[in-house]
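S.K.: Here it is, the structure in full.
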Amino acid sequence: MAKRVRVVRMSVEQPLWRALSGYRVLTMLYAIGLFASAYDEFDRPGIAIAFYVVLFVWTLATLPRVQSAVACTKRFLAVDLAIALTGIVLTPLAADDHHISSGGPTLPSIWTAGSVLAYAIKGGWRWAAFASTPVAAANLIERGSPARDTVHNVVLVWVASIAIGYVVEVARASERTLARALEIEATTRERERLARDIHDGVLQVLAMVQRRGAVLGGEAGELGRMAGEQEIALRTLVSGALVPVSRVSLDAAEGAVVRAVEEEEVDEADDGPVDLRALLAPYAAAKVSFAEPGAPVPLPAPAAKELAAAVGAALDNVRRHAGEDARAWILVEDEPREVVVTVRDDGPGIPEGRLAQAEGEGRLGVALSIRGRLRDLGGSAELVSIPGQGTEVELKVPKARGKAGTR
């Protein structure tokens with residue numbers, strides 16, 4: 001079946017860039033508004049007007065820059081911070097002494113914080129500390145003395161920018177961890193799917209060749225021995241596959257990237273409901289009785305096929321472990337919220353602890369071919385076995401999950 005790659009991006013950083021873009025525009029308009037309201041306090045308003053023209057053009061022209069970490073280059077950050085520092089230093093030249101002594105705002109006002117925050121989002125708390133230090137120095141130079149409100153504003157910008165930078169670093173690390181976890185989950189699910197297919201086909205054949213070869217002896221016995229070795233090697237490979245390293249996008253603002261390989265639907269008609277009875281009926285045989293409802297039991301095609309495959313795996317276990325003379329019964333029940341399929345046999349049963357031992361040896365028939373399939377469908381598989389009284393496997397698939405799909 002064809003495959004397709006689904007790329008999942010996770011980023012808490014991209015919303016921060018969008019918020020910063022809006023912050024720069026609003027604070028630029030706010031700074032211009034403050035100047036207009038206090039126009040009489042400026043001895044040389046021409047200097048202020050010239051600065052605000054530059055600030056207005058720069059802010060709007062650089063909006064595409066403040067969209068991602070890649071676009072927001074070091075050179076842009078340096079120029080942006082230089083404009084903010086220039087506006088602070090020019091304030092005493094444009095405003096009168098009363099404006100300065102009364103603690104009036106600088107020309108860029110709180111727009112300056114946007115430049116520092118850009119450093120924080122781009123490079124973390126160290127970059128934030130680097131950018132906020134010259135801003136603090138420029139504010140002290142503008143005021144002429146370390147007044148209480150000046151020190152308060154300087155410390156506030158310094159601490160806030162460093163805190164935001166630290167949060168961004170933690171968020172990036174969390175995104176990478178989450179991407180790693182999701183990729184491990186996706187790889188594990190794919191590995192389990194392959195393991196089910198291998199168990200249903202290749203491993204079963206290798207096990208049969210090993211048993212028949214041991215009975216026949218001679219060259220057939222040697223062939224059986226080699227088949228047994230290959231079976232063990234294949235089980236080990238299936239149960240211990242490697243997990244690839246998580247990817248990280250080139251643009252840090254896009255966050256971590258997970259590439260999950262999925263089966264591509266070949267025909268949309270395959271998603272339509274099918275009658276589960278039609279898929280289970282071929283399992284009926286001389287020693288396998290099949291009991292079904294009188295009405296169709298509709299399930300989405302992927303769910304019905306997986307459920308039928310789990311029933312087939314349960315019957316394979318009956319043939320392999322209960323003996324050739326064992327009988328089996330398949331019962332299908334169409335409940336209001338779920339479909340229940342029960343597979344029961346009259347074999348010797350499973351000794352206590354045997355399933356755990358088999359799973360540790362890489363024999364994953366019950367763990368993957370049965371329970372793994374039902375878990376992927378959102379259902380459950382319960383196995384009850386009493387030595388000497390046979391084994392019963394109850395498979396449940398919820399109808400609500402089946403309508404939504406198997407993933």
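Ligands are numbered from 1 in the order shown, residues from 1 within each chain, and chains are lettered A, B, ... in the order they appear in the structure tokens.
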I want to know what sits within 9 Å of Trp111 (chain A), based on only C-alpha atoms, with residues of the same chain fewer than 2 positions away left out; could you give that as an mmCIF file with C-alpha atoms, in the first residue's frame?

M.R.:
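Contents of result-v7.cif, freshly written:
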data_model
loop_
_atom_site.group_PDB
_atom_site.id
_atom_site.type_symbol
_atom_site.label_atom_id
_atom_site.label_comp_id
_atom_site.auth_asym_id
_atom_site.auth_seq_id
_atom_site.Cartn_x
_atom_site.Cartn_y
_atom_site.Cartn_z
ATOM 1 C CA TYR A 23 3.254 45.062 20.002
ATOM 2 C CA ARG A 24 5.699 47.046 17.845
ATOM 3 C CA VAL A 25 2.925 48.672 15.804
ATOM 4 C CA LEU A 26 0.791 49.567 18.825
ATOM 5 C CA THR A 27 3.687 50.944 20.871
ATOM 6 C CA MET A 28 4.899 52.976 17.903
ATOM 7 C CA TYR A 30 1.432 55.035 21.440
ATOM 8 C CA ALA A 31 4.797 56.835 21.397
ATOM 9 C CA ALA A 84 15.702 52.543 20.081
ATOM 10 C CA PRO A 108 10.538 55.681 21.691
ATOM 11 C CA SER A 109 8.815 55.142 25.052
ATOM 12 C CA ALA A 113 10.973 46.928 24.981
ATOM 13 C CA GLY A 114 9.993 45.394 21.637
ATOM 14 C CA SER A 115 13.617 45.503 20.476
#

S.K.: Skip region 123-136 of chain A itself and residues of its chain fewer than 5 positions away, then list as a ChimeraX atom specification all residues within 10 Å of it, counting only C-alpha atoms.

M.R.: /A:69,74,77-78,81-82,84-85,88,112-113,115-118,141-142,150-151,153-155,157-170,172

S.K.: Please return as a VMD selection string: the residues of region 5-81 of chain A that backbone DSSP assigns to alpha helix (DSSP H).

M.R.: chain A and resid 13 to 37 45 to 61 74 to 81

S.K.: Take the residues from that selection and put them in a file with N, CA and C atoms, as a tab-separated table (two decimals), in the first residue's frame.

M.R.:
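What landed in result-v3.tsv:
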chain	number	residue	atom	x	y	z
A	13	GLU	N	6.66	29.18	19.84
A	13	GLU	CA	7.43	30.39	19.56
A	13	GLU	C	6.77	31.26	18.49
A	14	GLN	N	6.14	30.64	17.50
A	14	GLN	CA	5.54	31.41	16.41
A	14	GLN	C	4.49	32.40	16.91
A	15	PRO	N	3.61	32.03	17.84
A	15	PRO	CA	2.67	33.04	18.36
A	15	PRO	C	3.37	34.21	19.04
A	16	LEU	N	4.53	33.97	19.63
A	16	LEU	CA	5.27	35.07	20.26
A	16	LEU	C	5.74	36.08	19.21
A	17	TRP	N	6.18	35.59	18.05
A	17	TRP	CA	6.60	36.50	17.00
A	17	TRP	C	5.41	37.33	16.50
A	18	ARG	N	4.25	36.69	16.35
A	18	ARG	CA	3.07	37.43	15.90
A	18	ARG	C	2.68	38.51	16.93
A	19	ALA	N	2.76	38.13	18.21
A	19	ALA	CA	2.43	39.09	19.26
A	19	ALA	C	3.42	40.25	19.27
A	20	LEU	N	4.68	39.94	19.01
A	20	LEU	CA	5.69	41.00	18.98
A	20	LEU	C	5.44	41.96	17.83
A	21	SER	N	5.00	41.44	16.68
A	21	SER	CA	4.69	42.32	15.55
A	21	SER	C	3.59	43.31	15.92
A	22	GLY	N	2.53	42.79	16.53
A	22	GLY	CA	1.45	43.68	16.96
A	22	GLY	C	1.90	44.66	18.02
A	23	TYR	N	2.75	44.19	18.93
A	23	TYR	CA	3.25	45.06	20.00
A	23	TYR	C	4.04	46.24	19.42
A	24	ARG	N	4.87	45.98	18.42
A	24	ARG	CA	5.70	47.05	17.85
A	24	ARG	C	4.84	48.12	17.19
A	25	VAL	N	3.80	47.70	16.47
A	25	VAL	CA	2.93	48.67	15.80
A	25	VAL	C	2.17	49.51	16.84
A	26	LEU	N	1.59	48.85	17.82
A	26	LEU	CA	0.79	49.57	18.82
A	26	LEU	C	1.65	50.52	19.65
A	27	THR	N	2.83	50.08	20.05
A	27	THR	CA	3.69	50.94	20.87
A	27	THR	C	4.27	52.09	20.06
A	28	MET	N	4.45	51.87	18.75
A	28	MET	CA	4.90	52.98	17.90
A	28	MET	C	3.82	54.06	17.84
A	29	LEU	N	2.57	53.66	17.66
A	29	LEU	CA	1.47	54.63	17.65
A	29	LEU	C	1.31	55.28	19.02
A	30	TYR	N	1.54	54.48	20.08
A	30	TYR	CA	1.43	55.04	21.44
A	30	TYR	C	2.50	56.11	21.68
A	31	ALA	N	3.72	55.86	21.22
A	31	ALA	CA	4.80	56.84	21.40
A	31	ALA	C	4.49	58.13	20.65
A	32	ILE	N	3.96	58.01	19.44
A	32	ILE	CA	3.60	59.21	18.68
A	32	ILE	C	2.47	59.97	19.38
A	33	GLY	N	1.52	59.23	19.93
A	33	GLY	CA	0.42	59.87	20.66
A	33	GLY	C	0.91	60.62	21.89
A	34	LEU	N	1.86	60.02	22.62
A	34	LEU	CA	2.42	60.71	23.78
A	34	LEU	C	3.10	62.02	23.37
A	35	PHE	N	3.82	61.98	22.27
A	35	PHE	CA	4.49	63.19	21.80
A	35	PHE	C	3.46	64.28	21.44
A	36	ALA	N	2.41	63.86	20.75
A	36	ALA	CA	1.40	64.84	20.36
A	36	ALA	C	0.71	65.46	21.56
A	37	SER	N	0.48	64.67	22.60
A	37	SER	CA	-0.21	65.19	23.78
A	37	SER	C	0.69	66.09	24.62
A	45	PRO	N	10.91	70.40	18.67
A	45	PRO	CA	10.02	69.33	18.21
A	45	PRO	C	10.42	68.75	16.87
A	46	GLY	N	11.22	69.51	16.08
A	46	GLY	CA	11.65	68.99	14.78
A	46	GLY	C	12.46	67.71	14.92
A	47	ILE	N	13.30	67.67	16.00
A	47	ILE	CA	14.10	66.47	16.22
A	47	ILE	C	13.19	65.28	16.50
A	48	ALA	N	12.18	65.52	17.34
A	48	ALA	CA	11.25	64.44	17.67
A	48	ALA	C	10.45	63.99	16.46
A	49	ILE	N	10.00	64.96	15.66
A	49	ILE	CA	9.21	64.61	14.48
A	49	ILE	C	10.05	63.78	13.50
A	50	ALA	N	11.32	64.19	13.30
A	50	ALA	CA	12.19	63.44	12.40
A	50	ALA	C	12.38	62.00	12.91
A	51	PHE	N	12.55	61.86	14.23
A	51	PHE	CA	12.72	60.52	14.78
A	51	PHE	C	11.46	59.67	14.58
A	52	TYR	N	10.29	60.28	14.80
A	52	TYR	CA	9.06	59.51	14.68
A	52	TYR	C	8.77	59.13	13.23
A	53	VAL	N	9.20	59.93	12.30
A	53	VAL	CA	9.06	59.54	10.88
A	53	VAL	C	9.89	58.29	10.61
A	54	VAL	N	11.13	58.32	11.10
A	54	VAL	CA	12.00	57.14	10.93
A	54	VAL	C	11.39	55.93	11.65
A	55	LEU	N	10.90	56.14	12.86
A	55	LEU	CA	10.33	55.04	13.64
A	55	LEU	C	9.10	54.45	12.95
A	56	PHE	N	8.26	55.34	12.40
A	56	PHE	CA	7.03	54.89	11.72
A	56	PHE	C	7.37	54.04	10.49
A	57	VAL	N	8.28	54.57	9.67
A	57	VAL	CA	8.65	53.84	8.44
A	57	VAL	C	9.35	52.53	8.79
A	58	TRP	N	10.25	52.57	9.74
A	58	TRP	CA	11.01	51.37	10.12
A	58	TRP	C	10.09	50.29	10.68
A	59	THR	N	9.18	50.69	11.54
A	59	THR	CA	8.29	49.70	12.16
A	59	THR	C	7.43	48.98	11.13
A	60	LEU	N	6.84	49.74	10.22
A	60	LEU	CA	5.96	49.13	9.22
A	60	LEU	C	6.75	48.35	8.17
A	61	ALA	N	7.92	48.88	7.79
A	61	ALA	CA	8.71	48.22	6.76
A	61	ALA	C	9.31	46.90	7.23
A	74	LYS	N	20.63	38.80	12.95
A	74	LYS	CA	21.42	39.55	13.93
A	74	LYS	C	21.59	41.00	13.47
A	75	ARG	N	21.80	41.18	12.17
A	75	ARG	CA	21.98	42.55	11.67
A	75	ARG	C	20.72	43.38	11.89
A	76	PHE	N	19.57	42.78	11.63
A	76	PHE	CA	18.31	43.50	11.85
A	76	PHE	C	18.15	43.85	13.33
A	77	LEU	N	18.44	42.90	14.21
A	77	LEU	CA	18.31	43.16	15.64
A	77	LEU	C	19.22	44.30	16.08
A	78	ALA	N	20.44	44.32	15.53
A	78	ALA	CA	21.38	45.38	15.91
A	78	ALA	C	20.88	46.75	15.46
A	79	VAL	N	20.37	46.85	14.22
A	79	VAL	CA	19.85	48.13	13.73
A	79	VAL	C	18.61	48.54	14.52
A	80	ASP	N	17.75	47.58	14.80
A	80	ASP	CA	16.53	47.87	15.55
A	80	ASP	C	16.86	48.41	16.94
A	81	LEU	N	17.80	47.78	17.61
A	81	LEU	CA	18.20	48.25	18.93
A	81	LEU	C	18.88	49.61	18.85

S.K.: Set the distance at 8 Å and use only C-alpha atoms: which residues neighbour Asp96 (chain A) once local chain neighbours fewer than 4 positions away are removed? I'd like the list as a PyMOL selection string.

M.R.: chain A and resi 41-43+92+100

S.K.: If you keep all heavy atoms, can you produce a file of those selected residues as an mmCIF file, in the first residue's frame?

M.R.:
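Done, and the output landed in selection.cif:
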data_model
loop_
_atom_site.group_PDB
_atom_site.id
_atom_site.type_symbol
_atom_site.label_atom_id
_atom_site.label_comp_id
_atom_site.auth_asym_id
_atom_site.auth_seq_id
_atom_site.Cartn_x
_atom_site.Cartn_y
_atom_site.Cartn_z
ATOM 1 N N GLU A 41 6.000 70.512 25.620
ATOM 2 C CA GLU A 41 7.164 70.243 26.458
ATOM 3 C C GLU A 41 8.437 70.031 25.647
ATOM 4 O O GLU A 41 9.486 69.693 26.215
ATOM 5 C CB GLU A 41 6.905 69.011 27.324
ATOM 6 C CG GLU A 41 5.739 69.179 28.293
ATOM 7 C CD GLU A 41 5.506 67.938 29.149
ATOM 8 O OE1 GLU A 41 6.343 67.004 29.053
ATOM 9 O OE2 GLU A 41 4.517 67.912 29.893
ATOM 10 N N PHE A 42 8.370 70.210 24.330
ATOM 11 C CA PHE A 42 9.535 69.976 23.470
ATOM 12 C C PHE A 42 10.048 71.314 22.928
ATOM 13 O O PHE A 42 9.318 72.052 22.255
ATOM 14 C CB PHE A 42 9.166 69.042 22.316
ATOM 15 C CG PHE A 42 8.970 67.617 22.746
ATOM 16 C CD1 PHE A 42 7.744 67.197 23.269
ATOM 17 C CD2 PHE A 42 10.012 66.703 22.657
ATOM 18 C CE1 PHE A 42 7.572 65.898 23.682
ATOM 19 C CE2 PHE A 42 9.828 65.392 23.061
ATOM 20 C CZ PHE A 42 8.608 64.983 23.580
ATOM 21 N N ASP A 43 11.311 71.599 23.256
ATOM 22 C CA ASP A 43 11.949 72.822 22.757
ATOM 23 C C ASP A 43 12.292 72.695 21.278
ATOM 24 O O ASP A 43 12.246 73.682 20.536
ATOM 25 C CB ASP A 43 13.221 73.114 23.553
ATOM 26 C CG ASP A 43 12.915 73.453 25.014
ATOM 27 O OD1 ASP A 43 11.789 73.933 25.271
ATOM 28 O OD2 ASP A 43 13.778 73.219 25.871
ATOM 29 N N PRO A 92 16.748 64.193 25.506
ATOM 30 C CA PRO A 92 17.138 65.469 26.149
ATOM 31 C C PRO A 92 17.351 66.605 25.159
ATOM 32 O O PRO A 92 17.198 67.778 25.520
ATOM 33 C CB PRO A 92 18.450 65.109 26.879
ATOM 34 C CG PRO A 92 18.422 63.628 27.021
ATOM 35 C CD PRO A 92 17.723 63.127 25.808
ATOM 36 N N ILE A 100 12.216 66.285 31.256
ATOM 37 C CA ILE A 100 13.205 65.300 31.724
ATOM 38 C C ILE A 100 13.121 65.127 33.233
ATOM 39 O O ILE A 100 13.096 64.009 33.756
ATOM 40 C CB ILE A 100 14.624 65.743 31.319
ATOM 41 C CG1 ILE A 100 14.720 65.907 29.794
ATOM 42 C CG2 ILE A 100 15.647 64.732 31.811
ATOM 43 C CD1 ILE A 100 14.437 64.658 29.016
#

S.K.: Compile the contact shell of Ile386 (chain A) as a PyMOL selection string: residues with an atom at most 8 Å away, counting only C-alpha atoms, same-chain residues fewer than 2 positions apart removed.

M.R.: chain A and resi 349-351+384+388-391
